[in-house]
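Visitor: Structure supplied as coords_28.cif; contents: mmCIF, C-alpha atoms.
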```
data_model
loop_
_atom_site.label_atom_id
_atom_site.label_comp_id
_atom_site.auth_asym_id
_atom_site.auth_seq_id
_atom_site.Cartn_x
_atom_site.Cartn_y
_atom_site.Cartn_z
CA MET A 1 21.90 -24.78 -2.41
CA ALA A 2 24.80 -22.59 -1.46
CA ALA A 3 24.64 -19.43 0.63
CA VAL A 4 25.62 -16.36 -1.39
CA GLY A 5 26.10 -12.78 -0.25
CA VAL A 6 25.01 -10.18 -2.78
CA GLY A 7 25.81 -6.78 -1.39
CA SER A 8 24.01 -6.75 1.96
CA LEU A 9 21.58 -9.50 0.93
CA ASP A 10 21.80 -13.16 1.81
CA LEU A 11 20.58 -15.57 -0.86
CA ALA A 12 20.65 -19.28 -1.39
CA GLU A 13 21.64 -20.25 -4.93
CA CYS A 14 21.09 -23.56 -6.68
CA ALA A 15 24.14 -24.49 -8.76
CA ALA A 16 22.11 -26.97 -10.83
CA CYS A 17 19.48 -24.54 -12.15
CA ASP A 18 20.89 -21.08 -11.28
CA GLY A 19 17.75 -20.37 -9.25
CA ALA A 20 17.87 -18.27 -6.10
CA TRP A 21 15.94 -18.30 -2.83
CA ILE A 22 15.53 -15.12 -0.84
CA GLU A 23 13.66 -14.86 2.42
CA THR A 24 10.84 -12.32 2.73
CA GLU A 25 12.87 -9.81 4.75
CA GLY A 26 15.71 -9.93 2.23
CA LEU A 27 13.39 -9.25 -0.71
CA ASP A 28 11.75 -6.37 1.17
CA SER A 29 15.20 -4.97 1.89
CA MET A 30 16.21 -5.23 -1.77
CA ILE A 31 13.04 -3.46 -2.87
CA ARG A 32 13.70 -0.55 -0.46
CA SER A 33 17.41 -0.16 -1.22
CA GLN A 34 18.81 1.20 -4.48
CA GLU A 35 22.22 -0.12 -3.50
CA ALA A 36 20.84 -3.63 -3.02
CA GLN A 37 19.04 -3.43 -6.38
CA ALA A 38 22.29 -2.41 -8.09
CA ALA A 39 24.16 -5.24 -6.35
CA VAL A 40 21.58 -7.79 -7.52
CA VAL A 41 21.66 -6.50 -11.11
CA ALA A 42 25.49 -6.67 -11.13
CA TRP A 43 25.48 -10.14 -9.54
CA ASN A 44 22.94 -11.38 -12.07
CA ALA A 45 25.02 -10.07 -14.99
CA VAL A 46 28.17 -11.82 -13.72
CA ALA A 47 26.71 -14.99 -12.20
CA HIS A 48 24.27 -15.75 -15.00
CA HIS A 49 24.27 -15.48 -18.70
CA PRO A 50 21.06 -13.52 -19.20
CA ALA A 51 19.46 -14.87 -22.31
CA GLY A 52 18.24 -12.34 -24.84
CA LYS A 53 15.49 -14.77 -25.69
CA ARG A 54 14.13 -17.01 -22.97
CA GLN A 55 13.19 -20.52 -23.85
CA THR A 56 9.71 -21.68 -22.99
CA GLU A 57 9.90 -23.80 -19.90
CA VAL A 58 7.41 -26.24 -18.48
CA VAL A 59 5.49 -24.61 -15.65
CA ARG A 60 6.16 -26.47 -12.45
CA TYR A 61 4.91 -25.61 -9.01
CA ALA A 62 7.69 -25.93 -6.50
CA PRO A 63 7.69 -26.58 -2.76
CA CYS A 64 9.09 -24.02 -0.34
CA PRO A 65 12.63 -25.05 0.64
CA LEU A 66 11.79 -24.40 4.30
CA CYS A 67 8.28 -25.77 4.91
CA GLN A 68 7.86 -27.96 1.79
CA LYS A 69 4.36 -26.54 1.08
CA MET A 70 3.67 -25.77 -2.58
CA MET A 71 4.39 -22.15 -3.40
CA ASN A 72 2.09 -19.85 -5.35
CA ARG A 73 3.17 -18.58 -8.76
CA MET A 74 2.52 -14.90 -9.31
CA ASN A 75 3.48 -12.01 -11.54
CA PHE A 76 5.75 -9.79 -9.43
CA ALA A 77 3.89 -6.52 -8.74
CA ARG A 78 1.15 -7.83 -11.06
CA VAL A 79 2.64 -6.07 -14.10
CA SER A 80 6.35 -6.93 -14.23
CA GLY A 81 6.04 -9.98 -16.44
CA VAL A 82 8.34 -11.89 -14.07
CA ILE A 83 6.55 -14.96 -12.71
CA ILE A 84 7.94 -15.88 -9.31
CA ASP A 85 7.20 -18.63 -6.79
CA VAL A 86 6.15 -17.32 -3.38
CA CYS A 87 5.77 -18.93 0.02
CA ALA A 88 3.72 -16.42 2.03
CA GLU A 89 5.45 -17.47 5.23
CA HIS A 90 9.09 -17.78 4.22
CA GLY A 91 10.22 -16.19 0.98
CA THR A 92 10.47 -16.26 -2.77
CA TRP A 93 12.08 -18.54 -5.32
CA PHE A 94 13.49 -16.91 -8.45
CA ASP A 95 14.31 -19.03 -11.47
CA ARG A 96 17.46 -18.24 -13.42
CA ASP A 97 17.88 -14.47 -13.90
CA GLU A 98 14.42 -13.56 -12.49
CA LEU A 99 15.84 -11.84 -9.40
CA GLY A 100 17.93 -9.59 -11.63
CA ARG A 101 14.88 -8.82 -13.78
CA VAL A 102 12.86 -7.93 -10.67
CA ALA A 103 15.66 -5.65 -9.43
CA LYS A 104 15.73 -3.88 -12.82
CA PHE A 105 11.94 -3.56 -12.76
CA VAL A 106 12.12 -1.87 -9.34
CA GLN A 107 15.05 0.35 -10.43
CA ASN A 108 13.09 1.53 -13.47
CA GLY A 109 10.12 2.68 -11.38
CA GLY A 110 8.03 -0.42 -11.96
CA LEU A 111 6.54 -0.46 -8.47
CA ALA A 112 5.25 3.10 -8.85
CA LYS A 113 3.71 2.14 -12.21
CA SER A 114 2.16 -0.91 -10.59
CA ARG A 115 0.68 1.18 -7.78
CA ARG A 116 -0.78 3.66 -10.28
CA ALA A 117 -2.32 0.83 -12.31
CA GLU A 118 -3.79 -0.74 -9.16
CA LEU A 119 -5.19 2.61 -8.03
CA GLU A 120 -6.77 3.16 -11.44
CA LYS A 121 -8.29 -0.33 -11.30
CA LEU A 122 -9.77 0.39 -7.86
CA ARG A 123 -11.18 3.72 -9.07
CA GLU A 124 -12.82 1.98 -12.05
CA GLU A 125 -14.28 -0.73 -9.81
CA HIS A 126 -15.63 1.96 -7.47
CA ARG A 127 -17.16 3.85 -10.42
CA LEU A 128 -18.85 0.70 -11.73
CA LEU A 129 -20.13 -0.16 -8.25
CA ARG A 130 -21.66 3.31 -7.90
CA ILE A 131 -23.37 2.91 -11.27
CA LYS A 132 -24.71 -0.50 -10.29
CA GLN A 133 -25.96 0.81 -6.94
CA SER A 134 -27.71 3.71 -8.64
CA GLN A 135 -29.57 1.27 -10.90
CA GLY A 136 -31.20 -0.57 -8.01
CA PRO A 137 -31.61 -4.27 -7.35
CA SER A 138 -32.75 -5.33 -10.83
CA GLY A 139 -30.05 -3.43 -12.68
CA GLY A 140 -32.88 -1.29 -14.09
CA GLU A 141 -34.03 2.09 -12.88
CA ARG A 142 -33.42 3.26 -9.36
CA LEU A 143 -36.16 3.45 -6.76
CA THR A 144 -36.48 7.18 -6.15
CA ARG A 145 -38.88 9.53 -4.48
CA GLY A 146 -40.17 12.41 -6.47
CA THR A 147 -43.01 12.29 -8.96
CA GLY A 148 -46.73 11.79 -8.42
CA ASP A 149 -47.18 9.18 -5.73
CA GLY A 150 -43.64 9.67 -4.42
CA ILE A 151 -42.13 6.67 -6.21
CA ASP A 152 -40.64 6.54 -9.69
CA THR A 153 -43.21 4.62 -11.75
CA GLY A 154 -40.46 3.19 -13.94
CA SER A 155 -39.08 1.08 -11.12
CA TRP A 156 -39.36 -2.68 -11.25
CA LEU A 157 -41.03 -2.84 -7.82
CA VAL A 158 -43.80 -0.44 -8.79
CA ASN A 159 -44.45 -2.41 -11.96
CA ILE A 160 -44.80 -5.65 -10.00
CA LEU A 161 -47.07 -4.05 -7.39
CA GLN A 162 -49.33 -2.70 -10.15
CA LEU A 163 -49.90 -6.27 -11.35
CA PHE A 164 -51.52 -7.12 -8.01
CA THR A 165 -53.77 -4.03 -7.71
#
```
Would you mind writing the file's structure down as structure tokens?
Guide:
Amino acid sequence: MAAVGVGSLDLAECAACDGAWIETEGLDSMIRSQEAQAAVVAWNAVAHHPAGKRQTEVVRYAPCPLCQKMMNRMNFARVSGVIIDVCAEHGTWFDRDELGRVAKFVQNGGLAKSRRAELEKLREEHRLLRIKQSQGPSGGERLTRGTGDGIDTGSWLVNILQLFT
């Protein structure tokens, strides 16, 4: 791999596959900087021949270039459609033209969309949890105080206790 400067970012590029390695701090910097995003998009357009139609490639898990542990494959920001290889300790591997696609995703407000989608997912999970909690342990009616003997007679616990009395 050869060291490449793209704007203010330092990358390592593989001449054989056109892949690029960027350390965690560099990726964070690119995400925060519009200038760095523009530099990456321009570099990608010149350095690579972005294919209009990507060929299906065999999925291969790759080792981190620094620690040699297998990296995790993940969809960048969960919704970008760009599957990247991540070493939690050291950085991210981008196959040919993926770094440029990630930069465009960020430029086009993709991270804000991702955050909104994640927030909506959390709200829905919270809503479902509240419904489940209100139904009680059996998923049936909730144990409540109120009528007659102080306990809702439709509850599963009351029904079981009535079998023994």
Visitor: Give the answer as one residue: which of A:Gln135, A:Glu23, A:Asp28, A:Val82 has the shortest atom-to-atom distance to A:Gly100, using all atoms listed in the file?
Guide: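 Ranking A:Gln135, A:Glu23, A:Asp28, A:Val82 by distance to A:Gly100, first place goes to A:Val82.
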Visitor: Find the distance between atom CA of A:Ala20 and atom CA of A:Asn108 and write it in Å to one decimal.
Guide: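 Computing it gives 21.7 Å between the two atoms.
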Visitor: Assuming the chain letters and numbering stay as they are in my file, what does the PyMOL selection byres ((chain A and resi 79) around 12) actually select? List them as a ChimeraX atom specification.
Guide: /A:74-78,80-83,102,105-106,109-118
Visitor: Have a look at atom CA of A:Gln107 and atom CA of A:Cys14 and let me know their distance in Å, one decimal.
Guide: 24.9 Å
Visitor: Quick one: everything within 8 Å of stretch 29-44 of chain A, counting all atoms listed in the file, minus sequence neighbours fewer than 3 positions away in the same chain. Send it as a ChimeraX atom specification.
Guide: /A:6-9,25-26,47-50,97,99-101,103-104,106-107
